[in-house]
>>> print(open('upload07.pdb').read())   # PDB, C-alpha atoms, pLDDT in the B column
MODEL        1
ATOM      1  CA  MET A   1      91.295 -27.285 127.890  1.00 45.00           C
ATOM      2  CA  CYS A   2      90.848 -30.087 125.391  1.00 49.00           C
ATOM      3  CA  ARG A   3      91.201 -29.443 121.670  1.00 49.00           C
ATOM      4  CA  SER A   4      89.714 -31.660 119.042  1.00 48.00           C
ATOM      5  CA  SER A   5      92.005 -33.249 116.506  1.00 48.00           C
ATOM      6  CA  ALA A   6      90.265 -31.204 113.809  1.00 51.00           C
ATOM      7  CA  THR A   7      91.437 -28.006 115.511  1.00 52.00           C
ATOM      8  CA  LEU A   8      94.991 -29.269 115.914  1.00 54.00           C
ATOM      9  CA  PHE A   9      95.323 -30.119 112.246  1.00 54.00           C
ATOM     10  CA  TYR A  10      93.432 -27.235 110.654  1.00 51.00           C
ATOM     11  CA  ILE A  11      95.327 -25.741 107.742  1.00 50.00           C
ATOM     12  CA  PRO A  12      94.004 -22.531 106.154  1.00 53.00           C
ATOM     13  CA  ASP A  13      93.038 -22.888 102.479  1.00 52.00           C
ATOM     14  CA  GLN A  14      95.882 -20.694 101.208  1.00 51.00           C
ATOM     15  CA  GLU A  15      98.441 -22.957 102.940  1.00 50.00           C
ATOM     16  CA  ARG A  16      97.125 -26.286 101.701  1.00 49.00           C
ATOM     17  CA  SER A  17      99.195 -28.031  99.093  1.00 59.00           C
ATOM     18  CA  MET A  18      97.836 -28.917  95.688  1.00 64.00           C
ATOM     19  CA  THR A  19      95.665 -31.981  95.412  1.00 74.00           C
ATOM     20  CA  TYR A  20      96.577 -35.142  93.573  1.00 65.00           C
ATOM     21  CA  HIS A  21      94.394 -34.072  90.633  1.00 68.00           C
ATOM     22  CA  GLU A  22      96.049 -30.650  90.447  1.00 71.00           C
ATOM     23  CA  HIS A  23      99.479 -32.334  90.435  1.00 66.00           C
ATOM     24  CA  ARG A  24      98.462 -34.628  87.583  1.00 68.00           C
ATOM     25  CA  THR A  25      97.058 -31.713  85.593  1.00 73.00           C
ATOM     26  CA  LYS A  26     100.241 -29.648  85.960  1.00 69.00           C
ATOM     27  CA  ALA A  27     102.690 -32.542  85.500  1.00 66.00           C
ATOM     28  CA  LYS A  28     104.776 -32.869  82.333  1.00 75.00           C
ATOM     29  CA  LYS A  29     103.018 -35.032  79.768  1.00 83.00           C
ATOM     30  CA  GLU A  30     106.256 -36.283  78.214  1.00 89.00           C
ATOM     31  CA  LEU A  31     109.131 -37.572  80.315  1.00 95.00           C
ATOM     32  CA  LYS A  32     112.638 -38.491  79.175  1.00 98.00           C
ATOM     33  CA  PHE A  33     113.574 -42.082  79.976  1.00 98.00           C
ATOM     34  CA  GLY A  34     116.763 -44.053  80.089  1.00 98.00           C
ATOM     35  CA  ILE A  35     116.925 -47.843  80.010  1.00 98.00           C
ATOM     36  CA  LEU A  36     119.833 -49.650  81.620  1.00 97.00           C
ATOM     37  CA  THR A  37     120.129 -53.408  81.236  1.00 95.00           C
ATOM     38  CA  VAL A  38     122.222 -55.148  83.879  1.00 95.00           C
ATOM     39  CA  SER A  39     123.513 -58.435  82.471  1.00 89.00           C
ATOM     40  CA  THR A  40     127.042 -59.784  82.305  1.00 74.00           C
ATOM     41  CA  SER A  41     126.112 -62.212  79.516  1.00 71.00           C
ATOM     42  CA  ARG A  42     124.508 -59.507  77.357  1.00 69.00           C
ATOM     43  CA  TYR A  43     127.272 -56.985  78.105  1.00 67.00           C
ATOM     44  CA  GLY A  44     129.956 -59.151  76.498  1.00 68.00           C
ATOM     45  CA  ALA A  45     127.955 -59.863  73.314  1.00 61.00           C
ATOM     46  CA  GLY A  46     128.554 -57.778  70.188  1.00 63.00           C
ATOM     47  CA  ARG A  47     124.899 -56.936  69.492  1.00 61.00           C
ATOM     48  CA  PRO A  48     123.081 -58.551  72.387  1.00 69.00           C
ATOM     49  CA  GLU A  49     119.460 -59.558  72.356  1.00 82.00           C
ATOM     50  CA  ASP A  50     117.729 -57.518  75.045  1.00 89.00           C
ATOM     51  CA  LEU A  51     114.072 -58.517  75.074  1.00 93.00           C
ATOM     52  CA  ALA A  52     113.321 -56.842  78.411  1.00 94.00           C
ATOM     53  CA  GLY A  53     114.971 -53.574  77.383  1.00 95.00           C
ATOM     54  CA  ASP A  54     113.234 -53.649  74.002  1.00 95.00           C
ATOM     55  CA  LEU A  55     109.863 -54.209  75.674  1.00 97.00           C
ATOM     56  CA  ALA A  56     110.509 -51.368  78.143  1.00 97.00           C
ATOM     57  CA  LYS A  57     111.249 -49.045  75.218  1.00 97.00           C
ATOM     58  CA  GLN A  58     108.062 -50.090  73.444  1.00 97.00           C
ATOM     59  CA  LEU A  59     105.880 -49.603  76.552  1.00 97.00           C
ATOM     60  CA  ILE A  60     107.439 -46.212  77.301  1.00 98.00           C
ATOM     61  CA  LYS A  61     106.812 -44.995  73.745  1.00 97.00           C
ATOM     62  CA  THR A  62     103.230 -46.292  73.880  1.00 96.00           C
ATOM     63  CA  LYS A  63     102.627 -43.839  76.740  1.00 95.00           C
ATOM     64  CA  LYS A  64     104.042 -40.978  74.614  1.00 96.00           C
ATOM     65  CA  HIS A  65     107.314 -40.585  76.518  1.00 97.00           C
ATOM     66  CA  LYS A  66     110.808 -40.507  74.965  1.00 97.00           C
ATOM     67  CA  VAL A  67     113.663 -42.951  75.431  1.00 98.00           C
ATOM     68  CA  VAL A  68     116.797 -40.815  75.171  1.00 98.00           C
ATOM     69  CA  ARG A  69     119.457 -43.149  76.621  1.00 97.00           C
ATOM     70  CA  ARG A  70     120.032 -46.877  76.547  1.00 95.00           C
ATOM     71  CA  ALA A  71     122.966 -48.934  77.811  1.00 95.00           C
ATOM     72  CA  ILE A  72     124.046 -52.371  79.014  1.00 93.00           C
ATOM     73  CA  VAL A  73     126.414 -52.997  81.931  1.00 94.00           C
ATOM     74  CA  PRO A  74     127.697 -56.164  83.593  1.00 93.00           C
ATOM     75  CA  ASP A  75     126.634 -57.274  87.071  1.00 94.00           C
ATOM     76  CA  SER A  76     129.152 -55.032  88.868  1.00 95.00           C
ATOM     77  CA  ILE A  77     128.254 -52.614  91.659  1.00 97.00           C
ATOM     78  CA  ILE A  78     130.816 -50.053  90.522  1.00 97.00           C
ATOM     79  CA  LYS A  79     129.882 -50.225  86.817  1.00 97.00           C
ATOM     80  CA  ILE A  80     126.143 -50.103  87.556  1.00 97.00           C
ATOM     81  CA  ARG A  81     126.480 -47.098  89.851  1.00 98.00           C
ATOM     82  CA  LYS A  82     128.768 -45.236  87.426  1.00 98.00           C
ATOM     83  CA  LYS A  83     126.413 -45.771  84.470  1.00 98.00           C
ATOM     84  CA  VAL A  84     123.345 -44.838  86.531  1.00 98.00           C
ATOM     85  CA  LEU A  85     124.890 -41.507  87.533  1.00 98.00           C
ATOM     86  CA  GLU A  86     125.898 -40.848  83.932  1.00 98.00           C
ATOM     87  CA  ILE A  87     122.447 -41.603  82.484  1.00 98.00           C
ATOM     88  CA  LEU A  88     120.622 -39.601  85.159  1.00 98.00           C
ATOM     89  CA  GLU A  89     122.234 -36.441  83.765  1.00 97.00           C
ATOM     90  CA  ASP A  90     119.940 -36.741  80.707  1.00 97.00           C
ATOM     91  CA  VAL A  91     116.675 -38.296  81.931  1.00 98.00           C
ATOM     92  CA  ASP A  92     113.686 -37.877  84.234  1.00 97.00           C
ATOM     93  CA  VAL A  93     113.231 -41.622  84.771  1.00 98.00           C
ATOM     94  CA  LEU A  94     115.710 -44.492  84.611  1.00 98.00           C
ATOM     95  CA  VAL A  95     114.396 -48.018  84.133  1.00 98.00           C
ATOM     96  CA  ILE A  96     116.941 -50.648  85.163  1.00 98.00           C
ATOM     97  CA  THR A  97     116.267 -54.219  84.082  1.00 97.00           C
ATOM     98  CA  GLY A  98     118.058 -57.152  85.667  1.00 94.00           C
ATOM     99  CA  GLY A  99     119.979 -57.855  88.828  1.00 91.00           C
ATOM    100  CA  THR A 100     116.971 -57.794  91.172  1.00 93.00           C
ATOM    101  CA  GLY A 101     116.874 -61.495  92.022  1.00 89.00           C
ATOM    102  CA  ALA A 102     118.443 -63.489  94.828  1.00 90.00           C
ATOM    103  CA  SER A 103     121.593 -64.898  93.219  1.00 91.00           C
ATOM    104  CA  LYS A 104     124.973 -63.641  94.369  1.00 93.00           C
ATOM    105  CA  THR A 105     125.509 -61.910  91.007  1.00 92.00           C
ATOM    106  CA  ASP A 106     122.240 -59.936  91.338  1.00 93.00           C
ATOM    107  CA  VAL A 107     123.703 -56.678  92.665  1.00 96.00           C
ATOM    108  CA  THR A 108     121.584 -53.925  91.123  1.00 97.00           C
ATOM    109  CA  LEU A 109     120.011 -52.938  94.426  1.00 96.00           C
ATOM    110  CA  GLU A 110     123.323 -53.117  96.249  1.00 97.00           C
ATOM    111  CA  ALA A 111     124.600 -50.574  93.712  1.00 97.00           C
ATOM    112  CA  ILE A 112     121.551 -48.303  93.792  1.00 96.00           C
ATOM    113  CA  LYS A 113     120.016 -48.245  97.269  1.00 96.00           C
ATOM    114  CA  PRO A 114     123.027 -46.629  98.992  1.00 96.00           C
ATOM    115  CA  ILE A 115     122.806 -43.604  96.687  1.00 96.00           C
ATOM    116  CA  TRP A 116     119.019 -43.087  96.694  1.00 96.00           C
ATOM    117  CA  ASP A 117     117.678 -39.980  98.391  1.00 96.00           C
ATOM    118  CA  LYS A 118     114.464 -41.883  99.113  1.00 96.00           C
ATOM    119  CA  GLU A 119     113.048 -45.313  98.472  1.00 96.00           C
ATOM    120  CA  MET A 120     109.423 -45.574  97.387  1.00 96.00           C
ATOM    121  CA  PRO A 121     108.565 -48.944  98.983  1.00 96.00           C
ATOM    122  CA  GLY A 122     104.955 -49.032  97.788  1.00 96.00           C
ATOM    123  CA  PHE A 123     106.107 -49.848  94.266  1.00 96.00           C
ATOM    124  CA  GLY A 124     107.986 -53.009  95.268  1.00 96.00           C
ATOM    125  CA  GLU A 125     105.112 -54.075  97.484  1.00 96.00           C
ATOM    126  CA  ALA A 126     102.598 -53.608  94.652  1.00 96.00           C
ATOM    127  CA  PHE A 127     104.917 -55.392  92.213  1.00 96.00           C
ATOM    128  CA  ARG A 128     105.193 -58.485  94.417  1.00 96.00           C
ATOM    129  CA  MET A 129     101.455 -58.449  95.201  1.00 96.00           C
ATOM    130  CA  GLU A 130     100.442 -58.255  91.534  1.00 96.00           C
ATOM    131  CA  GLY A 131     103.121 -60.777  90.606  1.00 95.00           C
ATOM    132  CA  TYR A 132     101.834 -63.157  93.256  1.00 95.00           C
ATOM    133  CA  LYS A 133      98.354 -62.949  91.725  1.00 96.00           C
ATOM    134  CA  LYS A 134      99.807 -63.918  88.339  1.00 94.00           C
ATOM    135  CA  ILE A 135     102.495 -66.502  89.131  1.00 94.00           C
ATOM    136  CA  GLY A 136     102.238 -67.311  92.819  1.00 92.00           C
ATOM    137  CA  SER A 137     105.103 -67.564  95.288  1.00 94.00           C
ATOM    138  CA  PRO A 138     108.004 -67.066  92.808  1.00 91.00           C
ATOM    139  CA  ALA A 139     106.996 -63.385  92.709  1.00 91.00           C
ATOM    140  CA  LEU A 140     108.093 -63.076  96.331  1.00 91.00           C
ATOM    141  CA  LEU A 141     111.698 -63.703  95.288  1.00 90.00           C
ATOM    142  CA  SER A 142     111.837 -60.435  93.331  1.00 93.00           C
ATOM    143  CA  ARG A 143     113.495 -57.369  94.798  1.00 95.00           C
ATOM    144  CA  ALA A 144     111.881 -54.952  92.328  1.00 96.00           C
ATOM    145  CA  ALA A 145     112.099 -51.456  93.779  1.00 97.00           C
ATOM    146  CA  MET A 146     111.766 -47.754  93.083  1.00 98.00           C
ATOM    147  CA  GLY A 147     113.581 -44.767  94.505  1.00 98.00           C
ATOM    148  CA  VAL A 148     114.562 -41.201  93.752  1.00 98.00           C
ATOM    149  CA  LEU A 149     117.935 -39.534  93.422  1.00 97.00           C
ATOM    150  CA  GLY A 150     118.431 -35.842  92.778  1.00 95.00           C
ATOM    151  CA  GLY A 151     114.857 -35.368  91.603  1.00 95.00           C
ATOM    152  CA  LYS A 152     115.106 -38.316  89.191  1.00 97.00           C
ATOM    153  CA  ILE A 153     113.100 -41.554  89.406  1.00 98.00           C
ATOM    154  CA  ILE A 154     114.839 -44.936  89.316  1.00 98.00           C
ATOM    155  CA  LEU A 155     112.911 -48.162  88.718  1.00 98.00           C
ATOM    156  CA  CYS A 156     114.693 -51.458  89.346  1.00 98.00           C
ATOM    157  CA  LEU A 157     112.879 -54.254  87.547  1.00 97.00           C
ATOM    158  CA  PRO A 158     113.588 -57.931  86.860  1.00 96.00           C
ATOM    159  CA  GLY A 159     115.401 -58.791  83.648  1.00 93.00           C
ATOM    160  CA  SER A 160     112.471 -60.778  82.267  1.00 94.00           C
ATOM    161  CA  PRO A 161     110.035 -59.241  79.781  1.00 95.00           C
ATOM    162  CA  ASP A 162     107.105 -60.305  81.993  1.00 96.00           C
ATOM    163  CA  GLY A 163     108.648 -58.530  84.991  1.00 96.00           C
ATOM    164  CA  VAL A 164     109.302 -55.373  82.985  1.00 97.00           C
ATOM    165  CA  LYS A 165     105.750 -55.391  81.624  1.00 97.00           C
ATOM    166  CA  LEU A 166     104.222 -55.853  85.066  1.00 97.00           C
ATOM    167  CA  GLY A 167     106.377 -53.160  86.668  1.00 97.00           C
ATOM    168  CA  LEU A 168     105.699 -50.564  83.996  1.00 98.00           C
ATOM    169  CA  GLU A 169     101.977 -51.355  83.940  1.00 97.00           C
ATOM    170  CA  ILE A 170     101.842 -50.742  87.693  1.00 96.00           C
ATOM    171  CA  ILE A 171     103.669 -47.406  87.783  1.00 96.00           C
ATOM    172  CA  MET A 172     103.803 -45.800  84.337  1.00 95.00           C
ATOM    173  CA  ASP A 173     100.727 -43.571  84.682  1.00 91.00           C
ATOM    174  CA  GLU A 174     101.923 -42.273  88.057  1.00 92.00           C
ATOM    175  CA  LEU A 175     105.453 -41.277  86.961  1.00 95.00           C
ATOM    176  CA  PRO A 176     104.559 -37.779  85.650  1.00 93.00           C
ATOM    177  CA  HIS A 177     102.818 -37.080  88.964  1.00 87.00           C
ATOM    178  CA  LEU A 178     105.832 -38.243  90.964  1.00 91.00           C
ATOM    179  CA  LYS A 179     108.187 -36.207  88.788  1.00 91.00           C
ATOM    180  CA  PHE A 180     106.003 -33.112  89.359  1.00 86.00           C
ATOM    181  CA  VAL A 181     106.126 -33.652  93.135  1.00 87.00           C
ATOM    182  CA  LEU A 182     109.910 -34.037  93.009  1.00 89.00           C
ATOM    183  CA  GLU A 183     110.303 -30.788  91.072  1.00 87.00           C
ATOM    184  CA  GLU A 184     107.663 -28.811  92.977  1.00 81.00           C
ATOM    185  CA  ASN A 185     109.916 -27.736  95.835  1.00 64.00           C
ATOM    186  CA  THR A 186     113.280 -27.527  94.050  1.00 57.00           C
TER     187      THR A 186
ENDMDL
END
>>> encode(input="upload07.pdb", output="structure tokens")
Amino acid sequence: MCRSSATLFYIPDQERSMTYHEHRTKAKKELKFGILTVSTSRYGAGRPEDLAGDLAKQLIKTKKHKVVRRAIVPDSIIKIRKKVLEILEDVDVLVITGGTGASKTDVTLEAIKPIWDKEMPGFGEAFRMEGYKKIGSPALLSRAAMGVLGGKIILCLPGSPDGVKLGLEIIMDELPHLKFVLEENT
């Protein structure tokens, strides 16, 4: 007896999960954000200029979310990981700027990826694709990425204001939806 694929994958209405639009409707409208700047040169300064972090804060507030934590750490796997875990106690989303390039001191992803529950590779792919449209092949050198840890969202963006702007423009409107999905089954 041969079954059609429609029969094999039939799910009764009461068992179907919510649709994308239902998720967006039920998602929190205001998320709590943290911003972590990874930069050895800025970490050592008394009151460092942090254009990328400042821009991230501005863009987050424009979308009616709150920035509740902000910090700067040097390019150190241990210090990055420790500060990430500390900030995640207080936020829904952590935006990390810096340390996503190819130099040997760019270690943000080496600090973060081993502790992620899941990586969301579509974000990095979209970031490089949109970056390529704007600046060409240098965009392919970025390791911008997104993942989740303990129901919290972590964005790893370049340390440049242009990179932060591009990354947040790509994903900002989808973050409440993702946060809802992460909380739905916990």
>>> residues_near_point(input="upload07.pdb", point="(109.9, -52.8, 92.2)", cutoff="9 Å", atoms="all atoms listed in the file", output="PyMOL selection string")
chain A and resi 100+120-128+142-146+155-158+167
>>> write_last_selection(input="upload07.pdb", atoms="C-alpha atoms", output="compact mmCIF listing (two decimals), in the coordinates of the input")
# COMPACT_ATOMS: atom_id res chain seq x y z
CA THR A 100 116.97 -57.79 91.17
CA MET A 120 109.42 -45.57 97.39
CA PRO A 121 108.56 -48.94 98.98
CA GLY A 122 104.96 -49.03 97.79
CA PHE A 123 106.11 -49.85 94.27
CA GLY A 124 107.99 -53.01 95.27
CA GLU A 125 105.11 -54.08 97.48
CA ALA A 126 102.60 -53.61 94.65
CA PHE A 127 104.92 -55.39 92.21
CA ARG A 128 105.19 -58.48 94.42
CA SER A 142 111.84 -60.44 93.33
CA ARG A 143 113.50 -57.37 94.80
CA ALA A 144 111.88 -54.95 92.33
CA ALA A 145 112.10 -51.46 93.78
CA MET A 146 111.77 -47.75 93.08
CA LEU A 155 112.91 -48.16 88.72
CA CYS A 156 114.69 -51.46 89.35
CA LEU A 157 112.88 -54.25 87.55
CA PRO A 158 113.59 -57.93 86.86
CA GLY A 167 106.38 -53.16 86.67
>>> closest_residue(input="upload07.pdb", among="A:Ile78, A:Ile153, A:Leu85, A:Ile171", to="Glu183 in chain A", atoms="only C-alpha atoms")
A:Ile153
>>> atom_distance(input="upload07.pdb", atom1="CA of Lys63 in chain A", atom2="CA of Glu30 in chain A")
8.5 Å
>>> residues_around(input="upload07.pdb", residues="Leu168 in chain A", least_positions_apart="5", cutoff="9 Å", atoms="all atoms listed in the file", output="number ranges by chain")
A: 56, 59-60, 155, 157, 163, 173
>>> atom_distance(input="upload07.pdb", atom1="CA of Gly159 in chain A", atom2="CA of Pro138 in chain A")
14.4 Å
>>> closest_residue(input="upload07.pdb", among="A:Val67, A:Val164, A:Ile77, A:Ile96", to="Ala111 in chain A", atoms="only C-alpha atoms")
A:Ile77
>>> closest_residue(input="upload07.pdb", among="A:Thr37, A:Ile115, A:Val95, A:Gly151", to="Glu49 in chain A", atoms="all atoms listed in the file")
A:Thr37
>>> resolve_selection(input="upload07.pdb", expression="the PyMOL selection byres ((chain A and resi 87) around 10)", output="NGL selection string")
:A and (33-36 or 68-71 or 82-86 or 88-94)
>>> atom_distance(input="upload07.pdb", atom1="CA of Thr62 in chain A", atom2="CA of Thr97 in chain A")
18.4 Å
>>> resolve_selection(input="upload07.pdb", expression="the PyMOL selection byres ((chain A and resi 102) around 12)", output="VMD selection string")
chain A and resid 98 to 101 103 to 110 138 to 144 158
>>> write_last_selection(input="upload07.pdb", atoms="C-alpha atoms", output="short mmCIF file (atom, residue, chain, number, x, y, z; two decimals), in the coordinates of the input")
data_model
loop_
_atom_site.label_atom_id
_atom_site.label_comp_id
_atom_site.auth_asym_id
_atom_site.auth_seq_id
_atom_site.Cartn_x
_atom_site.Cartn_y
_atom_site.Cartn_z
CA GLY A 98 118.06 -57.15 85.67
CA GLY A 99 119.98 -57.86 88.83
CA THR A 100 116.97 -57.79 91.17
CA GLY A 101 116.87 -61.50 92.02
CA SER A 103 121.59 -64.90 93.22
CA LYS A 104 124.97 -63.64 94.37
CA THR A 105 125.51 -61.91 91.01
CA ASP A 106 122.24 -59.94 91.34
CA VAL A 107 123.70 -56.68 92.66
CA THR A 108 121.58 -53.92 91.12
CA LEU A 109 120.01 -52.94 94.43
CA GLU A 110 123.32 -53.12 96.25
CA PRO A 138 108.00 -67.07 92.81
CA ALA A 139 107.00 -63.38 92.71
CA LEU A 140 108.09 -63.08 96.33
CA LEU A 141 111.70 -63.70 95.29
CA SER A 142 111.84 -60.44 93.33
CA ARG A 143 113.50 -57.37 94.80
CA ALA A 144 111.88 -54.95 92.33
CA PRO A 158 113.59 -57.93 86.86
#
>>> closest_residue(input="upload07.pdb", among="A:Lys64, A:Glu119, A:Leu182, A:Ala52", to="Leu166 in chain A", atoms="all atoms listed in the file")
A:Ala52
>>> residues_near_point(input="upload07.pdb", point="(120.4, -37.8, 97.0)", cutoff="7 Å", atoms="all atoms listed in the file", output="compact mmCIF listing (two decimals) with C-alpha atoms, in the coordinates of the input")
# COMPACT_ATOMS: atom_id res chain seq x y z
CA ILE A 115 122.81 -43.60 96.69
CA TRP A 116 119.02 -43.09 96.69
CA ASP A 117 117.68 -39.98 98.39
CA LEU A 149 117.94 -39.53 93.42
CA GLY A 150 118.43 -35.84 92.78
